[in-house]
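S.K.: Would you mind keeping the following structure in view while I ask a few things?
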Amino acid sequence: MQIGFIGLGNMGGPMAANLAKAGHSVTGFDMADVSIEGVSLAKSAAEAAAGADVVITMLPNGDILRHVASEIIPAMTKGAAFVDCSTVDVDSARAVAQQAAEAGLLAVDAPVSGGIGGAAGGTLTFMAGGSEEAFAKAEPLFDIMGQKAVHCGDSGAGQAAKICNNMILGVTMIATCEAFALADKLGLDRQKMFDVVSTSSGYSWTMNAYCPAPGVGPQSPADNDYQPGFAADLMLKDLRLSQQAAGSADADTPMGKLAEALYSQFVDKEDGKGKDFSAMLPRFEKRGRS
Ligand code: NAD
């Protein structure tokens, strides 16, 4: 297949590399100066999208997605699929899918879970929204970049699933970090804390796969001075999306709301901007009870 890939950052870069490694012809574009193994680079998003069977976007947010979509949709061939893997609001996902449908394209919103490790290892989970036909066209590519793809429903359903998943993730990371900081103050060795919790009822992805304590558990951004990984400001974006969605759906999400407030404090008022979202641990370490 000829694939256009726009947004070659922490996630998009390794995802595009895996498609190229599997034998697809991948043309990429990113605003930043990047180099991805096996991927030829275009000078614009429209150039990367022209003539592609499938165009994949992996961008920071819904506004950027809408902007890029308006550039690439007119350049795409009728019948091609537009697969957006970014995490964005449901309204942006539906608006872009509608615009794509009007241009005779297939559209799938397919945000992912699994982090940079999953992107590099080809073990992401895709949660997809769109028609059966659009999902079927994208599915072979999901199989290369991931280990599981769930067709959640019509356009926007993938983003709805992602927002709920990441609300759990944000809440769980905070719980894991505050527990480590408490354990420190109680004199517990961090490795012992990991050995117990990772095999007890407190286990979670944030503890077992993405441990926020340096030198403990599998390799994670904590071992790289909290360079992202998954940036705290992207976590904040997702928590805001969950609270926006909870507001419009009249859902009571008190833990999600508190997680949003804590990440907002960390990113907007403290030193969390540009750090991985697991840098909540050094934040809690520095703090006392009041
Ligand atoms: P990133 O910032 O590393 O990558 C985004 C890329 O988009 C950057 O390279 C940037 O230069 C590029 N970009 C921005 N505007 C552009 C434009 N107009 N045209 C072309 N390129 C443009 O972010 P990331 O961590 O790769 O995340 C991408 C998306 O994936 C986000 O929506 C995020 O929420 C989601 N996500 C991230 C993770 C993670 O662990 N990092 C996990 C799941 C989902």
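In the structure tokens, chains take the letters A, B, ... in the order shown, each chain's residues start at 1, and ligands count up from 1 in the order shown.
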Which polymer residues have any atom within 12 Å of an atom of Gly23 (chain A), counting only C-alpha atoms, with same-chain residues fewer than 3 positions away left out, as a list of chain:residue names?
M.R.: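 Skipping anything fewer than 3 positions along the chain leaves A:Met1, A:Gln2, A:Ile3, A:Ala16, A:Ala17, A:Asn18, A:Leu19, A:Ala20, A:Val26, A:Gly38, A:Val39, A:Leu141, A:Ile144.
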S.K.: If you count only C-alpha atoms and all ligand atoms, which residues end up within 6 Å of ligand 1, as a ChimeraX atom specification?
M.R.: /A:6-12,29-32,58-61,64,68,86-87,112-113,115-116,229-230,234
S.K.: Among region 32-110 of chain A, which residues carry a DSSP assignment of alpha helix (DSSP H), reported as a ChimeraX atom specification?
M.R.: /A:45-49,62-72,90-102
S.K.: Each residue of region 91-143 of chain A lying at most 9 Å from region 159-163 of chain A should get a row with its shortest atom-to-atom pair and the distance in Å to one decimal, counting only C-alpha atoms; could you produce that, ordered by chain and increasing number, as a tab-separated table?
M.R.:
residue	atom	partner	partner_atom	distance
A:Ala93	CA	A:Gln159	CA	7.4
A:Asp109	CA	A:Gln159	CA	6.8
A:Ala110	CA	A:Gln159	CA	7.2
A:Pro111	CA	A:Gln159	CA	6.3
A:Val112	CA	A:Lys162	CA	7.3
A:Ser113	CA	A:Lys162	CA	7.7
A:Met127	CA	A:Ala161	CA	6.8
A:Ala128	CA	A:Gln159	CA	7.6
A:Gly129	CA	A:Gln159	CA	7.5
S.K.: When distances are computed from only C-alpha atoms, which of A:Asp89, A:Glu178, A:Asp225, A:Asp268 shows the smallest separation from Leu239 (chain A)?
M.R.: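 So, comparing all the options, the nearest one is A:Asp89.
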